[in-house]
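work_2.txt (compact mmCIF, C-alpha atoms) appears below.
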```txt
# COMPACT_ATOMS: atom_id res chain seq x y z
CA MET A 640 -84.89 91.72 -9.39
CA GLY A 641 -87.96 91.07 -11.55
CA GLN A 642 -89.77 93.88 -9.78
CA LEU A 643 -86.83 96.19 -10.50
CA LEU A 644 -86.80 95.32 -14.21
CA ARG A 645 -90.51 95.91 -14.38
CA GLU A 646 -90.18 99.37 -12.94
CA LEU A 647 -87.22 100.18 -15.16
CA PHE A 648 -88.85 99.16 -18.42
CA SER A 649 -92.49 99.40 -17.32
CA ILE A 650 -93.21 95.90 -18.65
CA PRO A 651 -96.87 95.10 -17.93
CA LEU A 652 -96.12 91.76 -16.27
CA PRO A 653 -96.09 90.75 -12.60
CA GLY A 654 -92.57 91.14 -11.22
CA SER A 655 -92.56 87.63 -9.83
CA ILE A 656 -93.36 86.15 -13.25
CA LEU A 657 -90.55 88.13 -14.86
CA GLY A 658 -88.31 86.85 -12.10
CA LEU A 659 -89.47 83.28 -12.75
CA MET A 660 -88.74 83.60 -16.48
CA LEU A 661 -85.33 85.20 -15.89
CA MET A 662 -84.41 82.54 -13.37
CA PHE A 663 -85.48 79.76 -15.75
CA ILE A 664 -83.41 81.25 -18.57
CA ALA A 665 -80.44 81.79 -16.25
CA LEU A 666 -80.61 78.12 -15.23
CA LEU A 667 -80.91 76.92 -18.84
CA LEU A 668 -77.93 79.03 -19.93
CA LYS A 669 -76.03 77.85 -16.83
CA ILE A 670 -75.50 81.46 -15.72
CA VAL A 671 -76.82 80.35 -12.35
CA PRO A 672 -75.78 76.83 -11.33
CA LEU A 673 -78.65 74.78 -9.94
CA GLU A 674 -76.76 74.15 -6.67
CA TRP A 675 -76.85 77.87 -5.78
CA VAL A 676 -80.60 78.09 -5.70
CA ASP A 677 -81.79 74.52 -5.26
CA SER A 678 -82.03 74.25 -1.49
CA GLY A 679 -83.23 77.82 -1.03
CA ALA A 680 -86.00 77.33 -3.56
CA ALA A 681 -87.03 74.01 -2.05
CA LEU A 682 -87.30 75.70 1.34
CA LEU A 683 -89.39 78.59 -0.01
CA LEU A 684 -91.68 76.31 -2.01
CA SER A 685 -92.30 73.91 0.85
CA PHE A 686 -93.92 76.83 2.73
CA LEU A 687 -95.57 78.41 -0.32
CA PRO A 688 -99.17 78.17 0.99
CA LEU A 689 -98.13 80.02 4.16
CA PHE A 690 -97.03 83.05 2.15
CA PHE A 691 -100.39 83.67 0.58
CA ILE A 692 -102.46 83.37 3.75
CA PRO A 693 -102.21 87.10 4.69
CA ALA A 694 -103.46 88.28 1.27
CA THR A 695 -106.27 85.71 1.20
CA VAL A 696 -107.41 86.69 4.68
CA GLY A 697 -108.18 90.10 3.14
CA VAL A 698 -111.44 88.60 1.91
CA ILE A 699 -112.96 89.41 5.32
CA ASP A 700 -113.45 92.93 4.01
CA TYR A 701 -115.47 91.59 1.05
CA PHE A 702 -117.84 89.00 2.52
CA ASP A 703 -120.87 90.88 1.17
CA VAL A 704 -119.72 90.01 -2.36
CA PHE A 705 -120.93 86.43 -1.86
CA ALA A 706 -124.34 87.40 -0.53
CA GLY A 707 -127.46 87.12 -2.72
CA LYS A 708 -126.59 87.12 -6.38
CA GLY A 709 -122.97 86.56 -5.43
CA ALA A 710 -123.69 82.84 -5.08
CA PHE A 711 -123.73 82.70 -8.87
CA LEU A 712 -120.04 83.61 -8.77
CA VAL A 713 -119.44 80.06 -7.59
CA VAL A 714 -121.43 78.73 -10.57
CA VAL A 715 -119.35 80.84 -12.96
CA LEU A 716 -116.15 79.64 -11.31
CA ILE A 717 -117.11 75.95 -11.52
CA LEU A 718 -118.25 76.12 -15.15
CA SER A 719 -115.23 78.06 -16.31
CA THR A 720 -112.85 75.80 -14.38
CA LEU A 721 -114.30 72.67 -15.99
CA LEU A 722 -114.13 74.22 -19.47
CA THR A 723 -110.49 75.14 -18.83
CA MET A 724 -109.77 71.61 -17.68
CA ALA A 725 -111.45 70.07 -20.72
CA GLY A 726 -109.63 72.41 -23.11
CA ALA A 727 -106.19 71.81 -21.66
CA ALA A 728 -106.62 68.05 -21.20
CA LEU A 729 -108.22 67.29 -24.58
CA THR A 730 -105.78 69.45 -26.55
CA SER A 731 -102.67 68.07 -24.92
CA GLN A 732 -103.77 64.43 -24.98
CA HIS A 733 -104.77 64.72 -28.63
CA LEU A 734 -101.51 66.42 -29.61
CA SER A 735 -99.31 64.09 -27.60
CA ARG A 736 -100.89 61.13 -29.41
CA ARG A 737 -100.09 62.66 -32.79
CA PHE A 738 -96.97 64.38 -31.78
CA GLU A 739 -95.35 64.36 -35.21
CA ALA A 740 -98.41 65.73 -36.96
CA GLY A 741 -98.65 68.54 -34.42
CA LYS A 742 -95.19 69.91 -34.99
CA GLU A 743 -96.14 72.87 -37.16
CA ARG A 744 -97.92 74.52 -34.20
CA SER A 745 -95.94 75.72 -31.24
CA MET B 497 -93.48 99.13 20.73
CA GLU B 498 -97.09 98.08 20.61
CA THR B 499 -96.86 97.84 16.84
CA LEU B 500 -93.92 95.48 17.15
CA THR B 501 -95.82 93.27 19.60
CA LEU B 502 -98.80 93.16 17.26
CA ALA B 503 -96.57 92.35 14.30
CA VAL B 504 -94.86 89.49 16.10
CA PHE B 505 -98.19 88.22 17.39
CA PHE B 506 -99.88 88.13 13.96
CA ILE B 507 -96.86 86.57 12.31
CA ALA B 508 -96.85 83.88 15.00
CA LEU B 509 -100.61 83.41 14.67
CA THR B 510 -100.39 82.90 10.90
CA ALA B 511 -97.37 80.62 11.06
CA GLY B 512 -98.89 78.68 13.96
CA ALA B 513 -102.16 78.18 12.12
CA TYR B 514 -100.25 77.07 9.02
CA PHE B 515 -97.98 74.57 10.73
CA GLY B 516 -100.77 73.20 12.89
CA MET B 517 -103.08 72.70 9.93
CA ASN B 518 -100.22 71.28 7.89
CA LEU B 519 -99.71 68.55 10.48
CA LEU B 520 -103.42 67.76 10.31
CA TYR B 521 -103.25 67.57 6.51
CA ILE B 522 -100.20 65.30 6.55
CA LYS B 523 -101.99 63.03 9.01
CA PHE B 524 -105.33 62.68 7.18
CA HIS B 525 -104.52 63.84 3.67
CA TYR B 526 -108.00 64.93 2.62
CA SER B 527 -107.84 67.69 -0.01
CA ILE B 528 -110.31 69.73 1.99
CA LEU B 529 -107.78 69.92 4.83
CA MET B 530 -105.15 71.70 2.72
CA PRO B 531 -103.54 74.30 4.99
CA ALA B 532 -104.00 77.05 2.38
CA LEU B 533 -107.72 76.68 3.09
CA THR B 534 -107.90 75.64 6.74
CA ALA B 535 -105.21 77.97 8.09
CA THR B 536 -106.78 80.91 6.23
CA LEU B 537 -110.16 80.07 7.75
CA LEU B 538 -108.62 79.83 11.22
CA VAL B 539 -107.01 83.25 10.92
CA ILE B 540 -110.26 84.75 9.57
CA LEU B 541 -112.19 83.17 12.43
CA PHE B 542 -109.76 84.62 14.96
CA LEU B 543 -110.02 88.10 13.46
CA LEU B 544 -113.82 87.95 13.40
CA LEU B 545 -114.10 86.69 16.99
CA THR B 546 -111.70 89.30 18.33
CA GLU B 547 -113.14 91.98 16.01
CA THR B 548 -109.69 92.78 14.73
CA PRO B 549 -109.65 94.84 11.51
CA TYR B 550 -107.71 93.46 8.55
CA ASP B 551 -105.37 96.47 8.56
CA THR B 552 -104.32 95.67 12.13
CA TYR B 553 -103.67 92.05 11.17
CA MET B 554 -101.55 93.18 8.22
CA ILE B 555 -99.12 94.97 10.57
CA GLY B 556 -97.75 91.47 11.00
CA GLY B 557 -99.22 89.84 7.92
CA GLN B 558 -97.38 92.09 5.47
CA TRP B 559 -94.05 90.56 6.49
CA ILE B 560 -95.18 87.12 5.42
CA ASP B 561 -96.79 88.60 2.33
CA ARG B 562 -93.46 90.02 1.18
CA ILE B 563 -91.90 86.58 0.77
CA LEU B 564 -94.55 85.68 -1.79
CA GLY B 565 -92.75 87.30 -4.77
CA PRO B 566 -89.44 85.51 -4.22
CA ALA B 567 -91.34 82.27 -3.64
CA VAL B 568 -92.97 82.55 -7.08
CA VAL B 569 -89.52 83.07 -8.64
CA ALA B 570 -88.50 79.84 -6.93
CA LEU B 571 -91.07 77.99 -9.10
CA ALA B 572 -88.45 78.29 -11.86
CA ILE B 573 -86.37 75.62 -10.15
CA PRO B 574 -88.86 72.72 -10.34
CA LEU B 575 -89.71 73.87 -13.85
CA TYR B 576 -86.02 73.66 -14.74
CA LYS B 577 -85.74 70.22 -13.22
CA GLN B 578 -88.69 69.11 -15.38
CA ARG B 579 -87.15 70.64 -18.51
CA LYS B 580 -86.70 67.26 -20.20
CA LEU B 581 -90.38 66.44 -19.77
CA LEU B 582 -91.26 69.96 -20.93
CA PHE B 583 -89.03 69.95 -24.02
CA ASP B 584 -89.90 66.37 -25.01
CA ASN B 585 -93.58 67.28 -25.01
CA LEU B 586 -93.24 70.92 -25.91
CA VAL B 587 -96.05 71.06 -28.47
CA PRO B 588 -98.78 69.31 -26.44
CA ILE B 589 -97.85 71.07 -23.21
CA PHE B 590 -97.51 74.54 -24.73
CA THR B 591 -100.62 74.28 -26.86
CA GLY B 592 -102.66 72.65 -24.09
CA THR B 593 -101.71 75.36 -21.62
CA LEU B 594 -102.41 78.11 -24.12
CA VAL B 595 -105.83 76.66 -24.96
CA GLY B 596 -106.62 76.13 -21.26
CA VAL B 597 -105.58 79.63 -20.22
CA SER B 598 -107.48 81.23 -23.11
CA ILE B 599 -110.66 79.26 -22.39
CA GLY B 600 -110.34 79.99 -18.67
CA LEU B 601 -109.95 83.72 -19.17
CA PHE B 602 -112.56 84.03 -21.87
CA THR B 603 -115.31 81.87 -20.35
CA GLY B 604 -114.71 83.40 -16.92
CA PHE B 605 -115.13 86.81 -18.47
CA ALA B 606 -118.13 85.91 -20.65
CA LEU B 607 -120.04 84.03 -17.93
CA ALA B 608 -119.44 86.69 -15.29
CA LYS B 609 -120.64 89.34 -17.74
CA LEU B 610 -123.66 87.20 -18.58
CA PHE B 611 -124.66 87.10 -14.92
CA GLY B 612 -124.22 90.86 -14.80
CA PHE B 613 -121.43 91.10 -12.24
CA SER B 614 -119.67 94.39 -11.70
CA GLU B 615 -116.46 95.19 -13.54
CA VAL B 616 -114.28 94.90 -10.45
CA LEU B 617 -115.67 91.41 -9.74
CA VAL B 618 -115.14 90.31 -13.35
CA LEU B 619 -111.56 91.54 -13.17
CA SER B 620 -110.94 89.74 -9.88
CA LEU B 621 -112.38 86.55 -11.33
CA LEU B 622 -110.30 86.44 -14.52
CA PRO B 623 -107.11 84.87 -13.13
CA LYS B 624 -108.96 82.14 -11.16
CA SER B 625 -107.14 79.19 -12.76
CA ILE B 626 -103.71 80.67 -12.05
CA THR B 627 -101.79 79.92 -8.87
CA SER B 628 -102.81 82.33 -6.05
CA PRO B 629 -99.68 84.49 -5.70
CA VAL B 630 -99.58 85.25 -9.43
CA ALA B 631 -103.37 85.56 -9.69
CA MET B 632 -103.27 88.22 -7.00
CA GLU B 633 -100.60 90.16 -8.86
CA ILE B 634 -102.54 89.90 -12.12
CA ALA B 635 -105.77 90.99 -10.42
CA GLU B 636 -104.04 94.00 -8.93
CA GLN B 637 -102.57 94.93 -12.28
CA ILE B 638 -105.83 94.77 -14.22
CA GLY B 639 -107.85 96.57 -11.52
CA GLY B 640 -109.39 93.68 -9.58
CA ILE B 641 -109.17 92.98 -5.84
CA PRO B 642 -106.25 90.66 -4.98
CA SER B 643 -107.76 88.98 -1.92
CA LEU B 644 -111.00 88.26 -3.79
CA ALA B 645 -108.92 86.83 -6.62
CA ALA B 646 -107.20 84.54 -4.10
CA VAL B 647 -110.55 83.24 -2.87
CA PHE B 648 -111.79 82.68 -6.43
CA VAL B 649 -108.58 80.79 -7.15
CA MET B 650 -109.31 78.53 -4.20
CA ILE B 651 -112.91 77.92 -5.26
CA ALA B 652 -111.73 77.09 -8.79
CA GLY B 653 -109.07 74.75 -7.41
CA PHE B 654 -111.48 72.83 -5.22
CA SER B 655 -114.18 72.55 -7.86
CA GLY B 656 -111.47 71.25 -10.21
CA ILE B 657 -110.37 68.45 -7.93
CA ILE B 658 -113.84 67.52 -6.67
CA ILE B 659 -115.56 67.29 -10.06
CA GLY B 660 -112.40 66.81 -12.14
CA PRO B 661 -111.74 63.08 -11.69
CA ALA B 662 -115.22 62.04 -12.91
CA PHE B 663 -115.25 64.75 -15.56
CA LEU B 664 -111.90 63.67 -17.02
CA ARG B 665 -113.12 60.07 -17.11
CA VAL B 666 -116.15 61.12 -19.12
CA LEU B 667 -113.85 62.96 -21.52
CA ARG B 668 -111.72 59.81 -21.83
CA ILE B 669 -108.59 61.52 -20.62
CA GLU B 670 -106.26 58.73 -19.60
CA THR B 671 -102.68 59.66 -20.54
CA PRO B 672 -100.40 61.19 -17.90
CA ILE B 673 -100.03 64.27 -20.11
CA GLY B 674 -103.78 64.72 -20.49
CA LEU B 675 -104.52 64.20 -16.79
CA GLY B 676 -101.65 66.36 -15.58
CA MET B 677 -102.53 69.16 -17.99
CA GLY B 678 -106.20 69.05 -17.01
CA PHE B 679 -105.50 69.41 -13.29
CA GLY B 680 -102.55 71.81 -13.53
CA ALA B 681 -104.06 74.23 -16.04
CA SER B 682 -107.42 74.52 -14.29
CA ALA B 683 -106.76 73.87 -10.61
CA HIS B 684 -103.09 75.02 -10.19
CA GLY B 685 -101.43 73.92 -6.91
CA ILE B 686 -104.52 72.20 -5.54
CA GLY B 687 -104.83 70.30 -8.82
CA THR B 688 -101.16 69.37 -8.73
CA ALA B 689 -101.61 67.84 -5.28
CA LYS B 690 -104.50 65.82 -6.72
CA ALA B 691 -102.46 64.81 -9.79
CA LEU B 692 -99.90 63.30 -7.43
CA GLU B 693 -102.52 60.73 -6.45
CA TYR B 694 -102.49 59.52 -10.08
CA GLY B 695 -98.71 59.25 -10.24
CA PRO B 696 -95.43 61.18 -10.31
CA ARG B 697 -95.59 61.79 -14.04
CA GLU B 698 -99.09 63.28 -13.84
CA ALA B 699 -97.89 65.50 -10.99
CA SER B 700 -94.85 66.69 -12.95
CA VAL B 701 -96.95 67.56 -15.98
CA SER B 702 -99.42 69.29 -13.68
CA SER B 703 -96.75 71.43 -12.01
CA VAL B 704 -95.32 72.38 -15.41
CA ALA B 705 -98.85 73.28 -16.57
CA MET B 706 -99.36 75.34 -13.43
CA SER B 707 -96.17 77.36 -13.91
CA LEU B 708 -96.74 77.86 -17.63
CA SER B 709 -100.35 78.90 -17.01
CA ALA B 710 -99.06 81.55 -14.65
CA VAL B 711 -96.67 82.85 -17.31
CA PHE B 712 -99.23 82.75 -20.17
CA GLY B 713 -101.97 84.18 -17.96
CA SER B 714 -99.78 87.14 -17.05
CA PHE B 715 -99.46 87.94 -20.73
CA LEU B 716 -103.02 87.19 -21.81
CA ALA B 717 -105.13 88.63 -18.97
CA PRO B 718 -104.08 92.25 -19.64
CA VAL B 719 -104.64 91.70 -23.38
CA LEU B 720 -108.19 90.47 -22.77
CA VAL B 721 -108.92 93.39 -20.48
CA TRP B 722 -107.50 95.79 -23.04
CA LEU B 723 -109.69 94.25 -25.76
CA PHE B 724 -112.94 94.38 -23.81
CA PHE B 725 -112.71 97.27 -21.40
CA LEU B 726 -111.15 100.02 -23.47
```

Can you dump the structure from the file as structure tokens?
Amino acid sequence: MGQLLRELFSIPLPGSILGLMLMFIALLLKIVPLEWVDSGAALLLSFLPLFFIPATVGVIDYFDVFAGKGAFLVVVLILSTLLTMAGAALTSQHLSRRFEAGKERS
Amino acid sequence: METLTLAVFFIALTAGAYFGMNLLYIKFHYSILMPALTATLLVILFLLLTETPYDTYMIGGQWIDRILGPAVVALAIPLYKQRKLLFDNLVPIFTGTLVGVSIGLFTGFALAKLFGFSEVLVLSLLPKSITSPVAMEIAEQIGGIPSLAAVFVMIAGFSGIIIGPAFLRVLRIETPIGLGMGFGASAHGIGTAKALEYGPREASVSSVAMSLSAVFGSFLAPVLVWLFFL
């Protein structure tokens, strides 16, 4: 459904994300009752890691990427991950403590 | 006929590795035993030992791969169930996610450029703090390599939960919102599993942060690429 919309309107967003947003809106507006999708979604999500194994296994064609200089990729990943964590955690904790004052931004 | 046999075999191999490793993880519950990591390694090991090319594996693997899209859509349901938490803390959660995603994309880009990595590697690295299935779609869209993106996502996730607890203590992050946002926005599903060790509220915030990061990242990653590569 999301994939279809994307092709129809050529929206530059992953189809699954469009689908997620549409489904969220449909649930909020009660177009889709929760009971219709609840158990199906729970089933899909409980196996979620299984579904991305095949794509991840594809890395066997790219092992050479991590050789030599490639080790620095791990350094980049760690640094950037920690900065992301600090940014998200500090901002949200700060704002949640002064929730009223933060209302003009959203 | 042979194709069908191969397909069934590789589907069974993947599912078997997943369920086996999942049992192990449930039993010992070390983060490092998460089936997303261990089952992937098992399958890779099998392919290497039997010298099976990836394309042959994907005769079966593609069928599992196809469920990934619908499974991401299913993330809307837990997000909906957490809507009260989300709407009650809309400003901190939205802003925190936006800041996290922006920092993640920008620093990933800047650092990778600084080290002089090739464009295709930089593009595969951008969505590293976004949950694997979406990160792979984003990578594909902006010209990166999806399976590399998935591995980068996993490295980011594990560095987040290994260094994260001490790091967040140093930063004096102690509220459920702060902790949940920190893990969810940087270490996605792996971080959310870690957040559960802190408490259910931390885990809920983390899963909301993970889903929102995926949505924001899908919007922002192409914008960043458009700004810097065109």

As an exercise, work out the distance from CA of Ala631 in chain B to CA of Asp700 in chain A in Å and give it to one decimal place.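 Pair CA of Ala631 in chain B / CA of Asp700 in chain A returns 18.5 Å.
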
List as an MDAnalysis selection string: which residues have an atom within 8 Å of (-102.3, 77.0, 1.5), counting all atoms listed in the file? (chainID A and resid 687:689 691:692) or (chainID B and resid 514 530:536)

Write out, as a JSON list (two decimals), keeping the file's coordinate frame, the residues just selected, with C-alpha atoms.
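Saved to again15.json:
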```
[["chain", "number", "residue", "atom", "x", "y", "z"],
["A", 687, "LEU", "CA", -95.57, 78.41, -0.32],
["A", 688, "PRO", "CA", -99.17, 78.17, 0.99],
["A", 689, "LEU", "CA", -98.13, 80.02, 4.16],
["A", 691, "PHE", "CA", -100.39, 83.67, 0.58],
["A", 692, "ILE", "CA", -102.46, 83.37, 3.75],
["B", 514, "TYR", "CA", -100.25, 77.07, 9.02],
["B", 530, "MET", "CA", -105.15, 71.70, 2.72],
["B", 531, "PRO", "CA", -103.54, 74.30, 4.99],
["B", 532, "ALA", "CA", -104.00, 77.05, 2.38],
["B", 533, "LEU", "CA", -107.72, 76.68, 3.09],
["B", 534, "THR", "CA", -107.90, 75.64, 6.74],
["B", 535, "ALA", "CA", -105.21, 77.97, 8.09],
["B", 536, "THR", "CA", -106.78, 80.91, 6.23]]
```

Should the cut-off be 7 Å, what would the residue list for chain A against chain B look like, counting only C-alpha atoms, as an NGL selection string? :A and (652-653 or 655-656 or 658-659 or 662-663 or 677 or 680 or 683-684 or 687-699 or 715-717 or 719-732 or 734-735 or 741-742 or 744-745)

To one decimal place, how far is CA of Thr548 in chain B from CA of Phe505 in chain B in Å?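 We find that CA of Thr548 in chain B and CA of Phe505 in chain B lie 12.7 Å from each other.
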
Between B:Phe524, B:Ser620, B:Val666, B:Ser614, which is the closest to Lys708 in chain A once you count all atoms listed in the file?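 Of B:Phe524, B:Ser620, B:Val666, B:Ser614, the one nearest Lys708 in chain A, counting all atoms listed in the file, is B:Ser614.
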
Atom-to-atom span, CA of Gln578 in chain B and CA of Lys523 in chain B, Å: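 Pair CA of Gln578 in chain B / CA of Lys523 in chain B returns 28.4 Å.
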
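Comparing B:Leu520, B:Ala508, B:Ile528, B:Leu502 by their smallest distance to Ile555 in chain B, the closest is B:Leu502 (using only C-alpha atoms).
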